[in-house]
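Have a look at input_19.cif below; it lists mmCIF, C-alpha atoms and all ligand atoms.
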```
data_run
#
loop_
_atom_site.label_atom_id
_atom_site.label_comp_id
_atom_site.auth_asym_id
_atom_site.auth_seq_id
_atom_site.Cartn_x
_atom_site.Cartn_y
_atom_site.Cartn_z
CA MET D 1 112.58 101.71 124.25
CA ASN D 2 109.68 101.12 121.86
CA LYS D 3 110.48 97.87 120.10
CA ARG D 4 108.39 94.90 121.21
CA ILE D 5 110.28 92.29 123.23
CA PRO D 6 108.74 88.84 122.76
CA VAL D 7 108.99 86.18 125.44
CA ALA D 8 110.53 83.63 123.04
CA VAL D 9 112.01 83.63 119.52
CA PRO D 10 113.66 80.78 117.61
CA ASN D 11 117.24 81.37 116.53
CA PHE D 12 118.51 80.08 113.17
CA ILE D 13 122.28 80.43 112.99
CA GLY D 14 123.36 77.35 111.03
CA ASN D 15 122.37 75.01 108.22
CA GLU D 16 118.59 75.19 108.72
CA LYS D 17 117.82 76.77 105.33
CA LYS D 18 120.35 74.66 103.45
CA TYR D 19 118.97 71.37 104.82
CA VAL D 20 115.32 72.41 104.27
CA ASP D 21 116.17 73.41 100.67
CA ASP D 22 117.73 69.98 100.26
CA CYS D 23 114.46 68.32 101.36
CA ILE D 24 112.52 70.32 98.80
CA ASP D 25 115.07 69.92 96.01
CA THR D 26 115.15 66.15 96.53
CA THR D 27 111.33 65.98 97.11
CA TRP D 28 111.80 64.15 100.44
CA ILE D 29 109.36 66.15 102.56
CA SER D 30 107.38 63.50 104.49
CA SER D 31 108.62 61.21 107.23
CA ALA D 32 110.87 59.12 104.98
CA GLY D 33 114.19 60.76 104.13
CA LYS D 34 117.73 60.92 105.39
CA TYR D 35 117.33 63.73 107.92
CA VAL D 36 115.00 61.78 110.25
CA GLY D 37 117.53 58.99 110.82
CA LYS D 38 120.43 61.47 111.00
CA PHE D 39 118.70 63.68 113.56
CA GLU D 40 117.80 60.65 115.69
CA LYS D 41 121.37 59.32 115.57
CA GLU D 42 122.96 62.69 116.37
CA PHE D 43 120.47 63.36 119.19
CA ALA D 44 121.14 59.93 120.73
CA ASP D 45 124.89 60.61 120.55
CA TYR D 46 124.45 64.06 122.08
CA MET D 47 122.44 62.57 124.95
CA GLY D 48 124.82 59.62 125.33
CA VAL D 49 122.02 57.04 124.94
CA LYS D 50 121.46 54.06 122.65
CA GLU D 51 118.19 55.10 121.03
CA ALA D 52 116.37 58.26 120.02
CA VAL D 53 112.88 57.97 118.49
CA SER D 54 111.53 61.08 116.78
CA CYS D 55 107.87 62.14 117.01
CA CYS D 56 105.70 64.96 115.70
CA ASN D 57 105.62 66.86 119.02
CA GLY D 58 106.65 66.65 122.66
CA THR D 59 103.17 65.64 123.82
CA VAL D 60 102.98 62.47 121.76
CA ALA D 61 106.62 61.80 122.69
CA LEU D 62 105.24 61.31 126.23
CA HIS D 63 102.20 59.29 125.08
CA VAL D 64 104.18 56.68 123.13
CA PRO D 65 106.33 55.36 126.03
CA LEU D 66 103.27 55.22 128.31
CA ILE D 67 101.58 52.94 125.75
CA ALA D 68 104.76 50.88 125.33
CA LEU D 69 105.08 50.52 129.11
CA GLY D 70 101.55 49.09 129.20
CA LEU D 71 99.79 51.81 131.21
CA GLN D 72 96.17 50.72 131.69
CA PRO D 73 92.85 52.36 132.59
CA GLY D 74 92.64 52.80 136.36
CA ASP D 75 96.43 52.92 136.86
CA GLU D 76 97.84 56.01 138.55
CA VAL D 77 100.88 58.07 137.55
CA ILE D 78 102.33 60.78 139.78
CA VAL D 79 103.06 64.05 137.98
CA PRO D 80 103.84 67.54 139.28
CA SER D 81 100.86 69.86 139.45
CA LEU D 82 103.17 72.66 138.29
CA THR D 83 103.77 71.68 134.67
CA TYR D 84 102.45 72.12 131.14
CA ILE D 85 99.14 70.36 130.43
CA SER D 86 100.70 67.60 128.28
CA THR D 87 102.30 65.84 131.27
CA ALA D 88 98.85 65.16 132.73
CA ASN D 89 96.95 64.70 129.46
CA VAL D 90 99.11 61.83 128.21
CA VAL D 91 98.27 59.83 131.34
CA ARG D 92 94.57 60.44 130.68
CA TYR D 93 94.99 59.44 126.99
CA CYS D 94 95.77 55.95 128.36
CA GLY D 95 92.67 55.99 130.57
CA ALA D 96 94.92 56.24 133.62
CA VAL D 97 94.76 58.86 136.38
CA PRO D 98 97.31 61.65 136.85
CA VAL D 99 97.90 62.19 140.57
CA PHE D 100 99.29 65.62 141.33
CA ALA D 101 102.31 66.14 143.57
CA ASP D 102 103.44 69.38 145.17
CA SER D 103 106.53 71.44 144.30
CA LEU D 104 109.70 72.27 146.19
CA ALA D 105 109.67 75.92 147.28
CA ASP D 106 113.19 76.67 145.98
CA THR D 107 113.66 74.77 142.69
CA TRP D 108 109.91 74.63 141.83
CA ASN D 109 110.34 70.98 140.77
CA ILE D 110 108.34 68.00 142.03
CA ASP D 111 108.74 67.32 145.76
CA PRO D 112 110.04 63.75 146.31
CA GLU D 113 108.46 63.61 149.77
CA ASP D 114 105.07 64.42 148.30
CA ILE D 115 105.57 61.71 145.64
CA ARG D 116 106.00 59.27 148.51
CA ARG D 117 102.81 60.51 150.21
CA LYS D 118 100.78 60.11 147.02
CA ILE D 119 101.75 56.53 146.19
CA THR D 120 98.85 54.04 146.33
CA PRO D 121 98.59 50.37 145.30
CA LYS D 122 97.47 51.65 141.86
CA THR D 123 100.58 53.78 141.25
CA LYS D 124 102.59 52.58 138.26
CA GLY D 125 104.98 55.41 137.56
CA ILE D 126 106.29 58.94 138.05
CA ILE D 127 106.77 61.65 135.42
CA PRO D 128 109.15 64.24 136.86
CA VAL D 129 109.39 67.46 134.83
CA HIS D 130 112.64 69.44 134.64
CA LEU D 131 110.80 72.74 134.95
CA TYR D 132 111.97 75.73 132.91
CA GLY D 133 115.27 73.97 132.17
CA ASN D 134 116.16 73.20 135.80
CA PRO D 135 116.81 69.48 136.41
CA CYS D 136 114.87 67.72 139.17
CA ASP D 137 116.74 66.23 142.09
CA MET D 138 116.73 62.76 140.48
CA ASP D 139 118.45 60.71 143.21
CA PRO D 140 115.55 60.67 145.71
CA ILE D 141 113.05 60.23 142.88
CA MET D 142 114.92 57.19 141.55
CA ASP D 143 115.23 55.77 145.10
CA ILE D 144 111.45 55.98 145.57
CA ALA D 145 110.86 54.42 142.14
CA ARG D 146 113.14 51.48 143.00
CA GLU D 147 111.54 51.05 146.42
CA TYR D 148 108.00 50.85 144.97
CA ASN D 149 108.89 49.32 141.58
CA LEU D 150 107.59 52.30 139.58
CA PHE D 151 108.69 53.46 136.13
CA VAL D 152 110.21 56.93 135.77
CA LEU D 153 109.55 58.75 132.51
CA GLU D 154 111.41 62.07 132.51
CA ASP D 155 109.58 64.97 130.89
CA ALA D 156 112.64 66.79 129.58
CA ALA D 157 110.62 68.94 127.13
CA GLU D 158 112.22 72.14 128.46
CA CYS D 159 115.75 71.10 129.36
CA HIS D 160 117.85 70.01 126.35
CA GLY D 161 121.46 69.85 127.53
CA ALA D 162 120.81 70.47 131.25
CA VAL D 163 123.00 68.44 133.59
CA TYR D 164 122.35 66.65 136.91
CA LYS D 165 125.35 65.27 138.82
CA GLY D 166 127.54 65.08 135.72
CA LYS D 167 124.96 63.41 133.45
CA LYS D 168 122.54 65.05 131.04
CA ALA D 169 118.99 65.33 132.39
CA GLY D 170 117.01 62.70 130.52
CA ASN D 171 119.46 59.92 131.40
CA PHE D 172 117.82 58.69 134.57
CA GLY D 173 114.40 57.18 133.84
CA ILE D 174 113.47 54.23 131.61
CA ALA D 175 112.93 56.88 128.91
CA SER D 176 112.79 60.64 128.60
CA THR D 177 111.14 63.00 126.18
CA PHE D 178 111.89 66.34 124.56
CA SER D 179 109.85 68.99 122.77
CA PHE D 180 111.10 70.98 119.79
CA PHE D 181 108.26 73.51 119.71
CA GLY D 182 109.29 76.92 118.35
CA ASN D 183 110.03 78.36 121.80
CA LYS D 184 112.30 75.53 123.01
CA ILE D 185 116.11 75.43 123.47
CA ILE D 186 116.33 73.90 119.98
CA THR D 187 113.35 73.71 117.65
CA THR D 188 111.92 71.92 114.64
CA GLY D 189 108.75 74.06 114.57
CA GLU D 190 106.67 71.23 116.02
CA GLY D 191 108.51 68.08 117.01
CA GLY D 192 109.54 65.73 119.78
CA MET D 193 112.03 63.01 120.68
CA ILE D 194 112.04 60.04 123.05
CA VAL D 195 115.40 58.73 124.25
CA THR D 196 116.12 55.45 126.01
CA ASN D 197 118.81 52.85 126.57
CA ASP D 198 116.21 50.07 126.35
CA GLU D 199 116.44 48.79 122.77
CA GLU D 200 113.34 46.57 123.05
CA LEU D 201 111.28 49.51 124.32
CA ALA D 202 112.61 51.66 121.45
CA LYS D 203 111.60 48.99 118.93
CA GLN D 204 108.04 48.93 120.31
CA MET D 205 107.87 52.74 120.37
CA ARG D 206 108.86 52.92 116.69
CA VAL D 207 105.99 50.57 115.83
CA ILE D 208 103.50 52.54 117.98
CA LYS D 209 104.41 55.92 116.47
CA GLY D 210 104.41 54.43 112.94
CA GLN D 211 100.75 53.29 112.76
CA GLY D 212 101.52 49.88 114.28
CA GLN D 213 103.23 48.69 111.10
CA ASP D 214 105.53 45.65 111.22
CA PRO D 215 109.04 47.08 110.62
CA ASN D 216 109.83 44.14 108.31
CA ARG D 217 106.61 44.02 106.29
CA ARG D 218 105.03 47.08 104.72
CA TYR D 219 101.26 47.48 105.11
CA TRP D 220 101.18 44.67 107.69
CA PHE D 221 99.94 45.93 111.03
CA THR D 222 100.59 44.13 114.28
CA ARG D 223 98.95 46.43 116.83
CA VAL D 224 96.91 49.62 117.04
CA GLY D 225 99.35 52.44 116.37
CA TYR D 226 99.36 56.15 115.68
CA ASN D 227 100.71 58.44 113.01
CA TYR D 228 103.04 60.36 115.32
CA ARG D 229 105.95 60.65 112.87
CA MET D 230 108.29 63.62 112.42
CA THR D 231 108.73 64.92 108.87
CA ASN D 232 112.04 65.06 107.03
CA ILE D 233 111.73 68.88 106.88
CA GLU D 234 111.33 69.09 110.68
CA ALA D 235 114.26 66.72 111.19
CA ALA D 236 116.37 68.81 108.78
CA ILE D 237 115.74 71.91 110.91
CA GLY D 238 116.39 69.89 114.08
CA LEU D 239 119.70 68.55 112.82
CA ALA D 240 120.89 72.07 111.98
CA GLN D 241 119.77 73.32 115.39
CA LEU D 242 121.51 70.43 117.15
CA GLU D 243 124.77 71.24 115.37
CA ASN D 244 124.76 74.53 117.32
CA ILE D 245 123.16 73.38 120.57
CA GLU D 246 126.08 74.48 122.74
CA THR D 247 125.73 78.01 121.37
CA HIS D 248 121.96 77.99 121.93
CA ILE D 249 122.47 76.92 125.55
CA ALA D 250 125.31 79.38 126.16
CA GLN D 251 123.12 82.24 124.90
CA ARG D 252 120.35 81.36 127.38
CA ARG D 253 122.80 81.04 130.24
CA LYS D 254 124.19 84.46 129.35
CA VAL D 255 120.71 86.00 129.37
CA ALA D 256 120.01 84.39 132.78
CA SER D 257 123.25 85.79 134.18
CA TRP D 258 122.28 89.29 132.95
CA TYR D 259 118.91 89.00 134.70
CA MET D 260 120.63 87.95 137.92
CA GLU D 261 122.97 90.93 137.76
CA GLU D 262 120.16 93.35 136.97
CA LEU D 263 117.89 92.01 139.73
CA ASN D 264 120.63 92.12 142.33
CA GLY D 265 119.30 94.19 145.25
CA MET D 266 115.66 93.34 144.47
CA GLU D 267 115.54 90.48 146.98
CA ASP D 268 112.78 92.17 149.02
CA TYR D 269 110.53 92.19 145.96
CA VAL D 270 111.30 89.10 143.89
CA GLU D 271 112.41 85.52 144.36
CA LEU D 272 114.26 83.54 141.69
CA GLN D 273 114.22 79.85 140.80
CA HIS D 274 117.08 78.07 142.59
CA VAL D 275 119.10 75.66 140.50
CA THR D 276 118.93 72.13 141.96
CA GLU D 277 122.04 71.23 143.93
CA GLY D 278 124.50 69.40 141.68
CA ALA D 279 122.67 70.56 138.55
CA GLU D 280 123.29 72.99 135.68
CA SER D 281 120.13 74.62 134.34
CA VAL D 282 119.75 75.64 130.70
CA TRP D 283 117.34 78.44 131.72
CA TRP D 284 114.64 77.71 129.15
CA MET D 285 112.60 80.45 130.84
CA PHE D 286 113.96 82.94 133.35
CA SER D 287 111.22 83.61 135.89
CA VAL D 288 110.54 85.64 139.02
CA LEU D 289 108.05 85.26 141.87
CA LEU D 290 106.65 88.44 143.38
CA LYS D 291 107.02 88.82 147.14
CA ASP D 292 104.48 90.45 149.50
CA LYS D 293 106.32 93.75 149.30
CA ALA D 294 105.63 94.11 145.56
CA LYS D 295 103.27 97.03 144.94
CA ILE D 296 101.04 95.32 142.38
CA THR D 297 99.73 91.81 141.72
CA ARG D 298 101.31 89.38 139.29
CA ASP D 299 98.46 89.76 136.78
CA GLU D 300 98.65 93.55 136.98
CA LEU D 301 102.40 93.35 136.37
CA ILE D 302 101.85 91.27 133.21
CA LEU D 303 99.44 93.95 131.91
CA ARG D 304 101.78 96.83 132.75
CA LEU D 305 104.76 95.14 131.10
CA GLU D 306 102.58 94.43 128.07
CA LYS D 307 101.92 98.20 127.85
CA ASP D 308 105.71 98.65 127.89
CA ASN D 309 105.85 96.30 124.87
CA ILE D 310 107.42 93.56 126.97
CA GLU D 311 105.72 90.19 126.57
CA THR D 312 105.71 87.88 129.61
CA ARG D 313 103.79 84.74 130.64
CA PRO D 314 102.28 83.65 133.93
CA LEU D 315 103.95 80.57 135.41
CA PHE D 316 101.98 77.41 134.59
CA TYR D 317 98.66 77.25 136.43
CA PRO D 318 98.45 74.27 138.81
CA MET D 319 96.83 71.33 137.03
CA HIS D 320 94.52 70.66 139.97
CA GLN D 321 93.11 74.22 139.90
CA MET D 322 92.01 74.19 136.25
CA PRO D 323 88.58 72.90 135.12
CA VAL D 324 90.08 69.96 133.23
CA TYR D 325 91.69 68.37 136.33
CA PHE D 326 89.96 70.33 139.11
CA ASP D 327 90.61 68.70 142.47
CA PRO D 328 90.27 70.82 145.61
CA GLU D 329 91.66 67.87 147.62
CA ALA D 330 94.95 67.71 145.71
CA LYS D 331 96.98 69.23 148.58
CA CYS D 332 99.70 71.09 146.70
CA PRO D 333 100.05 74.32 148.71
CA VAL D 334 103.61 75.14 147.65
CA CYS D 335 102.75 74.76 143.97
CA GLU D 336 99.69 77.00 144.40
CA ASN D 337 101.77 79.66 146.11
CA ILE D 338 104.52 79.63 143.46
CA ALA D 339 102.13 79.60 140.51
CA ALA D 340 100.10 82.55 141.80
CA ARG D 341 103.17 84.77 142.14
CA GLY D 342 105.29 83.86 139.12
CA ILE D 343 105.98 85.26 135.67
CA ASN D 344 108.29 84.07 132.91
CA LEU D 345 110.38 86.91 131.51
CA PRO D 346 111.61 87.07 127.89
CA THR D 347 114.38 84.49 127.52
CA HIS D 348 115.96 83.97 124.11
CA ALA D 349 119.11 84.43 122.10
CA LEU D 350 118.16 87.68 120.38
CA LEU D 351 118.01 89.65 123.65
CA THR D 352 120.80 92.12 124.24
CA ARG D 353 122.26 93.23 127.57
CA GLU D 354 120.36 96.52 127.07
CA ASP D 355 117.05 94.68 126.54
CA VAL D 356 117.48 92.81 129.82
CA ALA D 357 118.44 96.03 131.63
CA TRP D 358 115.31 97.70 130.21
CA ILE D 359 113.02 94.81 131.21
CA CYS D 360 114.40 94.85 134.77
CA LYS D 361 114.15 98.64 134.94
CA ARG D 362 110.45 98.50 134.07
CA LEU D 363 109.92 95.55 136.43
CA ARG D 364 111.55 97.50 139.26
CA TYR D 365 109.49 100.59 138.44
CA HIS D 366 106.19 98.69 138.54
CA ILE D 367 106.74 96.65 141.67
CA ALA D 368 109.07 98.74 143.81
CA GLU D 369 108.87 102.45 142.96
C1 LIG D 401 106.88 70.26 130.40
C2 LIG D 401 106.35 70.07 129.02
N1 LIG D 401 105.92 68.84 128.66
C3 LIG D 401 105.44 68.61 127.42
C4 LIG D 401 105.36 69.61 126.48
C5 LIG D 401 104.72 69.30 125.16
O1 LIG D 401 105.49 69.57 124.05
P1 LIG D 401 104.80 69.99 122.66
O2 LIG D 401 104.29 71.38 122.80
O3 LIG D 401 105.93 69.87 121.69
O4 LIG D 401 103.71 69.01 122.38
C6 LIG D 401 105.80 70.89 126.80
C7 LIG D 401 105.74 71.97 125.80
O5 LIG D 401 105.73 73.12 126.03
C8 LIG D 401 106.30 71.13 128.12
O6 LIG D 401 106.70 72.36 128.48
#
```
Will you turn the file into structure tokens for me?
Ligand SMILES: Cc1ncc(COP(=O)(O)O)c(C=O)c1O
Amino acid sequence: MNKRIPVAVPNFIGNEKKYVDDCIDTTWISSAGKYVGKFEKEFADYMGVKEAVSCCNGTVALHVPLIALGLQPGDEVIVPSLTYISTANVVRYCGAVPVFADSLADTWNIDPEDIRRKITPKTKGIIPVHLYGNPCDMDPIMDIAREYNLFVLEDAAECHGAVYKGKKAGNFGIASTFSFFGNKIITTGEGGMIVTNDEELAKQMRVIKGQGQDPNRRYWFTRVGYNYRMTNIEAAIGLAQLENIETHIAQRRKVASWYMEELNGMEDYVELQHVTEGAESVWWMFSVLLKDKAKITRDELILRLEKDNIETRPLFYPMHQMPVYFDPEAKCPVCENIAARGINLPTHALLTREDVAWICKRLRYHIAE
């Protein structure tokens, strides 16, 4: 097979073009316009929450609630070391300190016991991340938060529609946030959303993301705010994507099931991410960890698959191992072990059964034959 297989591709199967044309035809292209409110309302309904506040990306969607919750310089927030950089950066934007917790060896999500170990008198909150679409085990995390009076802000950037114990992931903390970057379950190009059942918090977050402007008096500013608004064009794409979200999720689950079938019998060579007990993953990224028996290293495998025209990605590097947050004392051995051995395989709706068979055939060839 010679065609290139990318790791992620957006999938436009609905009204995306029609709604974007409408924005242009009506000249409503900035952050005012009917699609922003519509997308927020429909997303809140989909999530089963009172409020959804749109933002210009998933990173600022995390920053806004931290400001609204009053995070201060010197405060600490516990985040997984195995995550995308935004989860840690937003804590630092507030002058606070991200404290890195280890991962669970099976689900790769934050380890509740390590959260407990890393709590200090300065700890104000926890940001669990539903990694690669797999919900965290939220019950023990919420128990710890209640015990120590900490906020929980769920980083749900990768898990639109995933379920934990009958409720959508993103329904457990004081607020949760989503990304709509081009590679996500649903996309707006760049975009983000914060959801919450706390109406007062939502009101404050709308002011913060809208330059600090008084909602009842134009050009009257009540606090330092940011221009973190989503555009009408982005919201138009998002609304169209949301109309088909069940299809987008079903396609990813189908791709994951193909990988599992194709990798059956490879247990000596690769390990898969276990879905959290009581949860339903949306498989944002299907990933494998190489075992000792694999014939080449993870980085060598990425290069060889690249030569086969198959794009892959390394799992996220541990935050505490990178220059920006380097901390040799972080004590996250499980995270280090997972991250060093893992790759994300192509996971998107345009893959066929044959593509997945081909990817797994080449994977098997490189690591086992
Ligand atoms: C876990 C996690 N948090 C936050 C973000 C940030 O989202 P964005 O890229 O939209 O700023 C991402 C994006 O990839 C993510 O994977």
(request) Find the spatial neighbours of stretch 202-213 of chain D, counting only C-alpha atoms, within a cut-off of 6 Å - ignore same-chain residues fewer than 6 positions away - and output them as a PyMOL selection string. (result) chain D and resi 220-228
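Each of D:Thr87, D:Thr352, D:Thr27, D:Asn171 was checked against D:Trp258 using all atoms listed in the file; the smallest atom-to-atom distance is that of D:Thr352.
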(request) Check the smallest atom-to-atom distance from each of D:Pro318, D:Gly192, D:Pro346, D:Gly170 to D:Tyr259 using only C-alpha atoms, then report the winner. (result) D:Pro346
(request) Tell me which protein, DNA and RNA residues are within 12 Å of D:Ile338, counting all atoms listed in the file, leaving out same-chain ones fewer than 3 positions away, and put them as a ChimeraX atom specification. (result) /D:81-83,102-109,270-273,287-291,298,314-318,332-335,341-343
(request) Could you give me, as JSON, numbers by chain, every polymer residue with an atom at most 6 Å away from an atom of ligand LIG 401 (chain D), counting all atoms listed in the file? (result) {"D": [57, 58, 59, 83, 84, 86, 87, 129, 155, 157, 158, 179, 180, 181, 190, 191, 192]}
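A straight line drawn from atom CA of D:Lys331 to atom CA of D:Val99 is 10.7 Å long.
Atom CA of D:Glu280 is positioned 10.9 Å from atom CA of D:Ile249.
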(message) Could you tell me how far atom CA of D:Val91 sits from atom CA of D:Lys41, in Å to one decimal place?
(response) 28.0 Å
(message) Using all atoms listed in the file for the distances, tell me which of D:Met142, D:Ala235, D:Ala339, D:Val49 is nearest to D:Ala32.
(response) D:Ala235
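Neighbours of D:Gln72 closer than or equal to 10 Å, with all atoms listed in the file counted and sequence neighbours fewer than 3 positions away skipped, come out as Leu66, Ile67, Leu69, Asp75, Glu76, Val91, Arg92, Tyr93, Cys94, Gly95, Ala96, Val97 and Lys124 of chain D.
The nearest approach to D:Ile367 among the residues D:Asn11, D:Thr123, D:Thr297, D:Asn183, with all atoms listed in the file taken into account, belongs to D:Thr297.
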(request) For each of D:Glu42, D:Glu234, D:Glu51, D:Asp143, take the minimum atom-to-atom distance to D:Lys17, counting only C-alpha atoms, then give the residue where this is smallest. (result) D:Glu234
Kindly extract all protein, DNA and RNA residues lying within 8 Å of the coordinates (114.9, 75.8, 116.4) given in the file, considering all atoms listed in the file, and supply them as a compact mmCIF listing (two decimals) with C-alpha atoms, in the coordinates of the input.
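Final output, saved to point_11.txt:
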```
# COMPACT_ATOMS: atom_id res chain seq x y z
CA PRO D 10 113.66 80.78 117.61
CA ASN D 11 117.24 81.37 116.53
CA PHE D 12 118.51 80.08 113.17
CA PHE D 180 111.10 70.98 119.79
CA PHE D 181 108.26 73.51 119.71
CA GLY D 182 109.29 76.92 118.35
CA ASN D 183 110.03 78.36 121.80
CA LYS D 184 112.30 75.53 123.01
CA ILE D 185 116.11 75.43 123.47
CA ILE D 186 116.33 73.90 119.98
CA THR D 187 113.35 73.71 117.65
CA THR D 188 111.92 71.92 114.64
CA GLY D 189 108.75 74.06 114.57
CA ILE D 237 115.74 71.91 110.91
CA GLY D 238 116.39 69.89 114.08
CA GLN D 241 119.77 73.32 115.39
```
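Of the listed residues (D:Glu277, D:Asp214, D:Asp327, D:Asp198), D:Glu277 comes nearest to D:Asp139; the distances count only C-alpha atoms.
Polymer residues near (106.0, 104.0, 122.6): counting all atoms listed in the file with a cut-off of 10 Å, they are D:Met1, D:Asn2, D:Lys3, D:Arg4, D:Lys307, D:Asp308, D:Asn309.
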